[in-house]
>>> print(open('structure00.txt').read())   # compact mmCIF, C-alpha atoms
# COMPACT_ATOMS: atom_id res chain seq x y z
CA MET S 165 0.00 0.00 0.00
CA LYS S 166 1.39 3.39 -0.97
CA THR S 167 1.98 5.93 1.76
CA THR S 168 1.24 9.64 1.38
CA LEU S 169 3.61 11.83 3.35
CA GLN S 170 2.27 15.30 2.60
CA ASN S 171 0.11 15.51 5.73
CA SER S 172 2.36 13.42 7.93
CA LYS S 173 3.87 14.93 11.07
CA THR S 174 7.15 13.28 10.13
CA LEU S 175 7.49 15.17 6.83
CA HIS S 176 9.25 18.11 8.45
CA LEU S 177 11.76 15.79 10.12
CA MET S 178 12.32 13.95 6.85
CA ARG S 179 13.01 17.22 5.02
CA ALA S 180 15.43 18.24 7.78
CA LYS S 181 17.26 14.92 7.58
CA ALA S 182 17.43 15.09 3.79
CA LEU S 183 18.68 18.68 3.92
CA GLU S 184 21.58 17.55 6.11
CA LEU S 185 22.42 14.94 3.47
CA PHE S 186 22.27 17.48 0.62
CA TYR S 187 24.34 19.96 2.66
CA LYS S 188 26.99 17.35 3.44
CA ASN S 189 27.32 15.73 0.01
CA GLY S 190 25.88 18.30 -2.39
CA TYR S 191 22.73 17.99 -4.47
CA TYR S 192 24.32 16.34 -7.50
CA ASN S 193 26.28 13.87 -5.39
CA THR S 194 23.11 12.73 -3.61
CA SER S 195 20.99 10.16 -5.44
CA ILE S 196 17.38 9.17 -4.81
CA ASP S 197 18.73 5.85 -3.54
CA ASP S 198 20.84 7.78 -0.99
CA ILE S 199 17.77 9.76 0.04
CA VAL S 200 15.43 6.82 0.56
CA GLN S 201 18.11 4.92 2.44
CA ASN S 202 18.80 7.92 4.67
CA LEU S 203 15.08 8.46 5.30
CA SER S 204 14.34 4.75 5.77
CA ILE S 205 11.54 4.74 3.18
CA THR S 206 11.06 2.81 -0.04
CA LYS S 207 11.68 4.25 -3.46
CA GLU S 208 8.02 3.64 -4.24
CA VAL S 209 6.94 5.84 -1.32
CA PHE S 210 9.33 8.60 -2.41
CA GLU S 211 8.12 8.53 -6.03
CA HIS S 212 4.48 8.51 -4.90
CA ASN S 213 4.99 11.73 -2.93
CA PHE S 214 7.51 13.61 -5.07
CA GLN S 215 7.77 13.89 -8.83
CA SER S 216 11.56 13.94 -8.73
CA LYS S 217 14.62 14.72 -6.64
CA GLU S 218 14.31 18.29 -7.92
CA ASP S 219 10.70 18.50 -6.69
CA PHE S 220 11.77 17.20 -3.29
CA PHE S 221 14.61 19.71 -3.01
CA ILE S 222 12.32 22.59 -4.00
CA SER S 223 9.95 21.58 -1.18
CA ILE S 224 12.93 21.68 1.20
CA THR S 225 13.94 25.11 -0.12
CA GLN S 226 10.42 26.53 0.19
CA ASN S 227 10.05 25.26 3.72
CA LEU S 228 13.26 24.63 5.66
CA ILE S 229 15.88 26.76 3.90
CA LEU S 230 13.57 29.77 3.69
CA GLN S 231 12.50 29.41 7.33
CA ARG S 232 16.06 29.01 8.59
CA THR S 233 17.08 32.14 6.74
CA LEU S 234 14.06 34.07 8.01
CA ASP S 235 14.94 33.03 11.56
CA MET S 236 18.24 34.91 11.30
CA LEU S 237 16.76 38.04 9.75
CA ILE S 238 16.12 41.20 11.71
CA GLU S 239 12.66 42.53 11.18
CA PRO S 240 12.62 46.35 11.16
CA VAL S 241 11.61 47.54 14.60
CA THR S 242 8.76 49.95 15.10
CA TYR S 243 10.49 51.92 17.86
CA LYS S 244 13.48 54.22 17.54
CA GLN S 245 16.66 52.16 17.80
CA SER S 246 20.06 51.93 16.11
CA PRO S 247 20.15 49.02 13.63
CA PHE S 248 23.85 48.30 14.19
CA PRO S 249 23.73 46.49 17.55
CA LEU S 250 20.82 44.40 16.23
CA ILE S 251 22.77 43.27 13.16
CA LEU S 252 25.91 42.59 15.20
CA GLU S 253 23.95 40.54 17.72
CA MET S 254 22.34 38.52 14.93
CA PHE S 255 25.67 37.74 13.26
CA GLN S 256 27.49 37.01 16.50
CA SER S 257 24.79 34.57 17.56
CA ASP S 258 24.83 32.79 14.22
CA LEU S 259 28.63 32.60 13.98
CA GLU S 260 28.93 31.24 17.53
CA LYS S 261 26.64 28.37 16.58
CA VAL S 262 29.02 27.16 13.87
CA GLU S 263 32.49 28.09 15.11
CA ASP S 264 32.95 24.73 16.88
CA ASP S 265 30.93 22.66 14.40
CA ASP S 266 33.23 20.23 12.58
CA ASN S 267 30.42 19.52 10.10
CA ASP S 268 30.01 23.15 9.07
CA LYS S 269 30.43 23.62 5.32
CA GLY S 270 29.56 27.30 5.06
CA PHE S 271 26.36 29.29 4.57
CA ILE S 272 23.78 26.87 3.24
CA VAL S 273 22.01 29.24 0.83
CA SER S 274 25.19 30.43 -0.88
CA ASN S 275 26.56 26.88 -1.04
CA PHE S 276 23.54 25.68 -2.99
CA ILE S 277 23.46 28.81 -5.18
CA THR S 278 27.04 28.03 -6.20
CA GLU S 279 26.21 24.38 -6.89
CA PHE S 280 23.11 25.12 -8.97
CA ASN S 281 24.57 28.08 -10.86
CA LYS S 282 24.15 27.45 -14.62
CA ARG S 283 23.00 23.90 -13.85
CA ASN S 284 19.46 24.36 -12.57
CA THR S 285 17.96 27.83 -12.97
CA LYS S 286 14.61 26.75 -11.50
CA ILE S 287 16.04 25.80 -8.10
CA ASN S 288 18.58 28.62 -8.20
CA LYS S 289 15.80 31.18 -8.50
CA TYR S 290 14.20 29.97 -5.25
CA LEU S 291 17.55 30.30 -3.47
CA VAL S 292 18.37 33.73 -4.93
CA ASP S 293 14.90 34.91 -3.88
CA ILE S 294 15.74 33.98 -0.28
CA LEU S 295 18.83 36.19 -0.40
CA LYS S 296 16.68 38.93 -1.93
CA ILE S 297 14.30 38.76 1.04
CA TRP S 298 17.28 39.17 3.35
CA GLU S 299 18.60 42.09 1.30
CA ILE S 300 15.24 43.90 1.28
CA ASN S 301 14.97 43.39 5.04
CA LEU S 302 18.39 44.90 5.69
CA ILE S 303 17.76 47.83 3.34
CA SER S 304 14.52 48.57 5.18
CA LEU S 305 16.30 48.40 8.54
CA LEU S 306 19.09 50.75 7.42
CA ARG S 307 16.66 53.23 5.87
CA LYS S 308 14.69 53.34 9.09
CA GLY S 309 18.00 53.96 10.84
CA GLN S 310 18.52 56.96 8.55
CA MET S 311 15.09 58.34 9.38
CA ASP S 312 15.75 57.86 13.10
CA GLY S 313 19.14 59.59 12.87
CA TYR S 314 21.41 56.58 13.45
CA VAL S 315 22.67 55.99 9.89
CA ASN S 316 24.46 58.66 7.87
CA GLN S 317 22.02 60.26 5.43
CA TYR S 318 24.48 60.00 2.54
CA ILE S 319 24.95 56.23 2.84
CA ASP S 320 23.60 54.08 -0.01
CA CYS S 321 21.50 51.61 2.02
CA GLU S 322 21.25 49.12 -0.84
CA GLY S 323 25.02 49.09 -1.28
CA ALA S 324 25.55 48.79 2.47
CA ALA S 325 23.10 45.86 2.68
CA ASN S 326 24.88 44.07 -0.17
CA HIS S 327 28.23 44.61 1.56
CA ILE S 328 26.89 43.23 4.85
CA ILE S 329 25.45 40.12 3.18
CA THR S 330 28.46 39.34 0.98
CA SER S 331 30.92 39.86 3.83
CA TYR S 332 28.89 37.52 6.03
CA ILE S 333 28.79 34.86 3.31
CA GLY S 334 32.53 35.29 2.85
CA VAL S 335 33.44 34.78 6.49
CA ARG S 336 31.09 31.78 6.76
CA THR S 337 32.92 30.22 3.79
CA LEU S 338 36.34 30.86 5.35
CA MET S 339 35.25 29.61 8.78
CA ALA S 340 34.25 26.27 7.26
CA GLU S 341 37.88 25.81 6.17
CA GLY S 342 39.32 26.27 9.68
CA ASN S 343 40.48 28.86 12.24
CA ALA S 344 36.81 29.64 12.80
CA ARG S 345 37.04 31.34 16.19
CA ALA S 346 39.74 33.82 15.16
CA LEU S 347 37.96 34.57 11.88
CA LYS S 348 34.70 35.19 13.74
CA GLN S 349 36.36 37.64 16.13
CA GLN S 350 38.20 39.46 13.33
CA TYR S 351 35.06 39.70 11.22
CA LEU S 352 32.88 41.08 14.00
CA GLN S 353 35.54 43.64 14.91
CA GLN S 354 35.84 44.81 11.30
CA LEU S 355 32.04 44.93 11.04
CA ARG S 356 31.97 47.22 14.08
CA TYR S 357 34.51 49.50 12.39
CA TYR S 358 32.38 49.54 9.23
CA PHE S 359 29.22 50.40 11.16
CA HIS S 360 31.09 53.15 12.98
CA SER S 361 32.09 54.62 9.60
CA ILE S 362 28.51 54.79 8.31
CA ALA S 363 26.84 55.78 11.57
CA GLN S 364 25.34 59.21 12.11
CA LYS S 365 25.81 58.69 15.82
CA GLU S 366 28.30 56.59 17.70
CA VAL S 367 27.65 52.85 17.36
CA ALA S 368 26.80 51.20 20.65
>>> encode(input="structure00.txt", output="structure tokens")
Amino acid sequence: MKTTLQNSKTLHLMRAKALELFYKNGYYNTSIDDIVQNLSITKEVFEHNFQSKEDFFISITQNLILQRTLDMLIEPVTYKQSPFPLILEMFQSDLEKVEDDDNDKGFIVSNFITEFNKRNTKINKYLVDILKIWEINLISLLRKGQMDGYVNQYIDCEGAANHIITSYIGVRTLMAEGNARALKQQYLQQLRYYFHSIAQKEVA
């Protein structure tokens, strides 16, 4: 008898387990046989619930990868507050989670964007859209900081947001290669210097 997983409480856990496999081995190095073995289901069950490996990965992207990225975003606050300590706190918290993780392979969204670049535009668009959400969020936060008098009025908020995102992706990539603790400390210190340079008022 075929099993439908769509409404199962275990589907979220299965996606999470499969995401770990994709993250560890890469999408193209992970076969459907690897997936069903890792999830302890039959190939028949997998094919009944998902049209393809691509369809399964898209469901992971739309659910887990998007949610994990949203969890580390800073929603613009409604009260008057400098955005810089908020961003620093977000990054410090995230980097501390991975600095001692021997299985860390870098920032998951950028890793998959690199892997799918020019190989699967459909999946890549979902991933790029996640980064776009992050970018828009940061731009909004910095612009509010300008209105509240914390960010220099002459700063290009879009350019600043892009710099923040790309520098974060860069340090996450380097940390995965080793010397993570020192890289984290250096990065956060340089980020403080950058925020000080674009602040209208002194960064806390």
>>> closest_residue(input="structure00.txt", among="S:Ser216, S:Gln256, S:Ser246, S:Thr194", to="His360 (chain S)", atoms="all atoms listed in the file")
S:Ser246
>>> closest_residue(input="structure00.txt", among="S:Leu291, S:Ala363, S:Ile199, S:Ile333", to="Asp312 (chain S)", atoms="only C-alpha atoms")
S:Ala363
>>> closest_residue(input="structure00.txt", among="S:Gln215, S:Gln231, S:Asn316, S:Thr278", to="Ala180 (chain S)", atoms="all atoms listed in the file")
S:Gln231
>>> residues_around(input="structure00.txt", residues="Asp198 (chain S)", least_positions_apart="5", cutoff="10 Å", atoms="all atoms listed in the file", output="number ranges by chain")
S: 182, 185-186, 193, 203-204
>>> write_last_selection(input="structure00.txt", atoms="C-alpha atoms", output="PDB file, in the coordinates of the input")
ATOM      1  CA  ALA S 182      17.430  15.090   3.790  1.00  0.00           C
ATOM      2  CA  LEU S 185      22.420  14.940   3.470  1.00  0.00           C
ATOM      3  CA  PHE S 186      22.270  17.480   0.620  1.00  0.00           C
ATOM      4  CA  ASN S 193      26.280  13.870  -5.390  1.00  0.00           C
ATOM      5  CA  LEU S 203      15.080   8.460   5.300  1.00  0.00           C
ATOM      6  CA  SER S 204      14.340   4.750   5.770  1.00  0.00           C
TER       7      SER S 204
END
>>> closest_residue(input="structure00.txt", among="S:Leu302, S:Ile362, S:Val262, S:Leu295", to="Asn343 (chain S)", atoms="only C-alpha atoms")
S:Val262
>>> closest_residue(input="structure00.txt", among="S:Asp197, S:Ile328, S:Val335, S:Glu299", to="Val209 (chain S)", atoms="all atoms listed in the file")
S:Asp197
>>> residues_around(input="structure00.txt", residues="region 220-227 of chain S", least_positions_apart="3", cutoff="12 Å", atoms="only C-alpha atoms", output="JSON, numbers by chain")
{"S": [169, 170, 175, 176, 177, 178, 179, 180, 181, 182, 183, 184, 185, 186, 187, 190, 191, 192, 194, 195, 196, 199, 200, 210, 211, 212, 213, 214, 215, 216, 217, 230, 231, 232, 233, 234, 272, 273, 276, 277, 280, 284, 285, 286, 287, 288, 289, 290, 291, 292, 293, 294]}
>>> closest_residue(input="structure00.txt", among="S:Phe271, S:Tyr351, S:Tyr332, S:Phe359", to="Pro249 (chain S)", atoms="all atoms listed in the file")
S:Phe359
>>> atom_distance(input="structure00.txt", atom1="CA of Glu253 (chain S)", atom2="CA of Leu305 (chain S)")
14.3 Å
>>> atom_distance(input="structure00.txt", atom1="CA of Arg307 (chain S)", atom2="CA of Leu250 (chain S)")
14.2 Å
>>> atom_distance(input="structure00.txt", atom1="CA of Met339 (chain S)", atom2="CA of Trp298 (chain S)")
21.1 Å
>>> residues_around(input="structure00.txt", residues="Asp264 (chain S)", least_positions_apart="2", cutoff="12 Å", atoms="all atoms listed in the file", output="PyMOL selection string")
chain S and resi 258-262+266-269+339-346+348
>>> write_last_selection(input="structure00.txt", atoms="C-alpha atoms", output="PDB file, in the coordinates of the input")
ATOM      1  CA  ASP S 258      24.830  32.790  14.220  1.00  0.00           C
ATOM      2  CA  LEU S 259      28.630  32.600  13.980  1.00  0.00           C
ATOM      3  CA  GLU S 260      28.930  31.240  17.530  1.00  0.00           C
ATOM      4  CA  LYS S 261      26.640  28.370  16.580  1.00  0.00           C
ATOM      5  CA  VAL S 262      29.020  27.160  13.870  1.00  0.00           C
ATOM      6  CA  ASP S 266      33.230  20.230  12.580  1.00  0.00           C
ATOM      7  CA  ASN S 267      30.420  19.520  10.100  1.00  0.00           C
ATOM      8  CA  ASP S 268      30.010  23.150   9.070  1.00  0.00           C
ATOM      9  CA  LYS S 269      30.430  23.620   5.320  1.00  0.00           C
ATOM     10  CA  MET S 339      35.250  29.610   8.780  1.00  0.00           C
ATOM     11  CA  ALA S 340      34.250  26.270   7.260  1.00  0.00           C
ATOM     12  CA  GLU S 341      37.880  25.810   6.170  1.00  0.00           C
ATOM     13  CA  GLY S 342      39.320  26.270   9.680  1.00  0.00           C
ATOM     14  CA  ASN S 343      40.480  28.860  12.240  1.00  0.00           C
ATOM     15  CA  ALA S 344      36.810  29.640  12.800  1.00  0.00           C
ATOM     16  CA  ARG S 345      37.040  31.340  16.190  1.00  0.00           C
ATOM     17  CA  ALA S 346      39.740  33.820  15.160  1.00  0.00           C
ATOM     18  CA  LYS S 348      34.700  35.190  13.740  1.00  0.00           C
TER      19      LYS S 348
END
>>> decode(input="structure00.txt", residues="region 233-264 of chain S", atoms="N, CA, C and O atoms", output="mmCIF file, in the first residue's frame")
data_model
loop_
_atom_site.group_PDB
_atom_site.id
_atom_site.type_symbol
_atom_site.label_atom_id
_atom_site.label_comp_id
_atom_site.auth_asym_id
_atom_site.auth_seq_id
_atom_site.Cartn_x
_atom_site.Cartn_y
_atom_site.Cartn_z
ATOM 1 N N THR S 233 16.542 30.829 7.078
ATOM 2 C CA THR S 233 17.077 32.143 6.743
ATOM 3 C C THR S 233 16.249 33.239 7.393
ATOM 4 O O THR S 233 16.786 34.211 7.929
ATOM 5 N N LEU S 234 14.932 33.085 7.372
ATOM 6 C CA LEU S 234 14.059 34.072 8.012
ATOM 7 C C LEU S 234 14.338 34.164 9.506
ATOM 8 O O LEU S 234 14.262 35.248 10.096
ATOM 9 N N ASP S 235 14.677 33.044 10.120
ATOM 10 C CA ASP S 235 14.941 33.029 11.559
ATOM 11 C C ASP S 235 16.135 33.900 11.930
ATOM 12 O O ASP S 235 16.232 34.365 13.072
ATOM 13 N N MET S 236 17.063 34.103 10.982
ATOM 14 C CA MET S 236 18.236 34.910 11.301
ATOM 15 C C MET S 236 18.120 36.338 10.784
ATOM 16 O O MET S 236 19.042 37.128 10.886
ATOM 17 N N LEU S 237 16.967 36.679 10.215
ATOM 18 C CA LEU S 237 16.761 38.042 9.750
ATOM 19 C C LEU S 237 16.331 38.931 10.897
ATOM 20 O O LEU S 237 15.749 38.476 11.879
ATOM 21 N N ILE S 238 16.592 40.210 10.740
ATOM 22 C CA ILE S 238 16.124 41.195 11.714
ATOM 23 C C ILE S 238 14.959 41.942 11.100
ATOM 24 O O ILE S 238 15.121 42.635 10.105
ATOM 25 N N GLU S 239 13.798 41.776 11.665
ATOM 26 C CA GLU S 239 12.657 42.534 11.183
ATOM 27 C C GLU S 239 12.783 43.989 11.647
ATOM 28 O O GLU S 239 13.131 44.234 12.802
ATOM 29 N N PRO S 240 12.529 44.945 10.754
ATOM 30 C CA PRO S 240 12.618 46.351 11.163
ATOM 31 C C PRO S 240 11.749 46.622 12.391
ATOM 32 O O PRO S 240 10.594 46.223 12.439
ATOM 33 N N VAL S 241 12.349 47.281 13.362
ATOM 34 C CA VAL S 241 11.611 47.542 14.600
ATOM 35 C C VAL S 241 10.752 48.787 14.447
ATOM 36 O O VAL S 241 11.038 49.660 13.652
ATOM 37 N N THR S 242 9.690 48.838 15.207
ATOM 38 C CA THR S 242 8.761 49.955 15.099
ATOM 39 C C THR S 242 9.145 51.103 16.026
ATOM 40 O O THR S 242 8.603 52.190 15.909
ATOM 41 N N TYR S 243 10.072 50.850 16.958
ATOM 42 C CA TYR S 243 10.492 51.915 17.857
ATOM 43 C C TYR S 243 11.875 52.419 17.440
ATOM 44 O O TYR S 243 12.598 51.763 16.701
ATOM 45 N N LYS S 244 12.226 53.583 17.933
ATOM 46 C CA LYS S 244 13.477 54.221 17.540
ATOM 47 C C LYS S 244 14.667 53.495 18.160
ATOM 48 O O LYS S 244 14.790 53.428 19.378
ATOM 49 N N GLN S 245 15.519 52.931 17.308
ATOM 50 C CA GLN S 245 16.658 52.160 17.801
ATOM 51 C C GLN S 245 17.709 52.055 16.701
ATOM 52 O O GLN S 245 17.384 51.939 15.520
ATOM 53 N N SER S 246 18.980 52.092 17.087
ATOM 54 C CA SER S 246 20.055 51.931 16.107
ATOM 55 C C SER S 246 20.022 50.517 15.535
ATOM 56 O O SER S 246 19.886 49.540 16.289
ATOM 57 N N PRO S 247 20.172 50.362 14.211
ATOM 58 C CA PRO S 247 20.146 49.020 13.628
ATOM 59 C C PRO S 247 21.443 48.252 13.849
ATOM 60 O O PRO S 247 21.469 47.028 13.757
ATOM 61 N N PHE S 248 22.545 48.953 14.161
ATOM 62 C CA PHE S 248 23.850 48.304 14.188
ATOM 63 C C PHE S 248 24.007 47.249 15.279
ATOM 64 O O PHE S 248 24.474 46.135 15.001
ATOM 65 N N PRO S 249 23.628 47.552 16.535
ATOM 66 C CA PRO S 249 23.729 46.495 17.549
ATOM 67 C C PRO S 249 22.858 45.282 17.230
ATOM 68 O O PRO S 249 23.213 44.148 17.536
ATOM 69 N N LEU S 250 21.709 45.512 16.588
ATOM 70 C CA LEU S 250 20.820 44.405 16.229
ATOM 71 C C LEU S 250 21.489 43.480 15.214
ATOM 72 O O LEU S 250 21.435 42.251 15.337
ATOM 73 N N ILE S 251 22.101 44.065 14.189
ATOM 74 C CA ILE S 251 22.767 43.268 13.155
ATOM 75 C C ILE S 251 23.964 42.527 13.744
ATOM 76 O O ILE S 251 24.176 41.333 13.485
ATOM 77 N N LEU S 252 24.751 43.224 14.565
ATOM 78 C CA LEU S 252 25.913 42.594 15.197
ATOM 79 C C LEU S 252 25.495 41.421 16.083
ATOM 80 O O LEU S 252 26.121 40.362 16.076
ATOM 81 N N GLU S 253 24.433 41.611 16.843
ATOM 82 C CA GLU S 253 23.945 40.544 17.723
ATOM 83 C C GLU S 253 23.486 39.335 16.913
ATOM 84 O O GLU S 253 23.757 38.189 17.273
ATOM 85 N N MET S 254 22.801 39.599 15.797
ATOM 86 C CA MET S 254 22.335 38.519 14.926
ATOM 87 C C MET S 254 23.511 37.717 14.383
ATOM 88 O O MET S 254 23.534 36.486 14.445
ATOM 89 N N PHE S 255 24.516 38.423 13.853
ATOM 90 C CA PHE S 255 25.668 37.744 13.256
ATOM 91 C C PHE S 255 26.493 37.014 14.308
ATOM 92 O O PHE S 255 26.941 35.891 14.078
ATOM 93 N N GLN S 256 26.703 37.651 15.457
ATOM 94 C CA GLN S 256 27.487 37.010 16.501
ATOM 95 C C GLN S 256 26.825 35.722 16.959
ATOM 96 O O GLN S 256 27.493 34.696 17.131
ATOM 97 N N SER S 257 25.523 35.764 17.143
ATOM 98 C CA SER S 257 24.788 34.572 17.565
ATOM 99 C C SER S 257 24.910 33.456 16.547
ATOM 100 O O SER S 257 25.155 32.294 16.891
ATOM 101 N N ASP S 258 24.770 33.804 15.266
ATOM 102 C CA ASP S 258 24.830 32.787 14.225
ATOM 103 C C ASP S 258 26.234 32.207 14.085
ATOM 104 O O ASP S 258 26.406 30.995 13.937
ATOM 105 N N LEU S 259 27.254 33.066 14.137
ATOM 106 C CA LEU S 259 28.629 32.596 13.977
ATOM 107 C C LEU S 259 29.071 31.737 15.153
ATOM 108 O O LEU S 259 29.842 30.785 14.981
ATOM 109 N N GLU S 260 28.582 32.051 16.354
ATOM 110 C CA GLU S 260 28.933 31.245 17.526
ATOM 111 C C GLU S 260 28.367 29.834 17.435
ATOM 112 O O GLU S 260 28.937 28.890 17.989
ATOM 113 N N LYS S 261 27.253 29.693 16.725
ATOM 114 C CA LYS S 261 26.640 28.373 16.577
ATOM 115 C C LYS S 261 27.489 27.441 15.731
ATOM 116 O O LYS S 261 27.433 26.225 15.888
ATOM 117 N N VAL S 262 28.281 28.001 14.814
ATOM 118 C CA VAL S 262 29.016 27.158 13.869
ATOM 119 C C VAL S 262 30.523 27.131 14.101
ATOM 120 O O VAL S 262 31.217 26.312 13.501
ATOM 121 N N GLU S 263 31.037 27.992 14.985
ATOM 122 C CA GLU S 263 32.493 28.090 15.115
ATOM 123 C C GLU S 263 33.143 26.798 15.610
ATOM 124 O O GLU S 263 34.307 26.525 15.301
ATOM 125 N N ASP S 264 32.404 25.993 16.370
ATOM 126 C CA ASP S 264 32.950 24.727 16.875
ATOM 127 C C ASP S 264 32.304 23.510 16.214
ATOM 128 O O ASP S 264 32.429 22.389 16.711
#
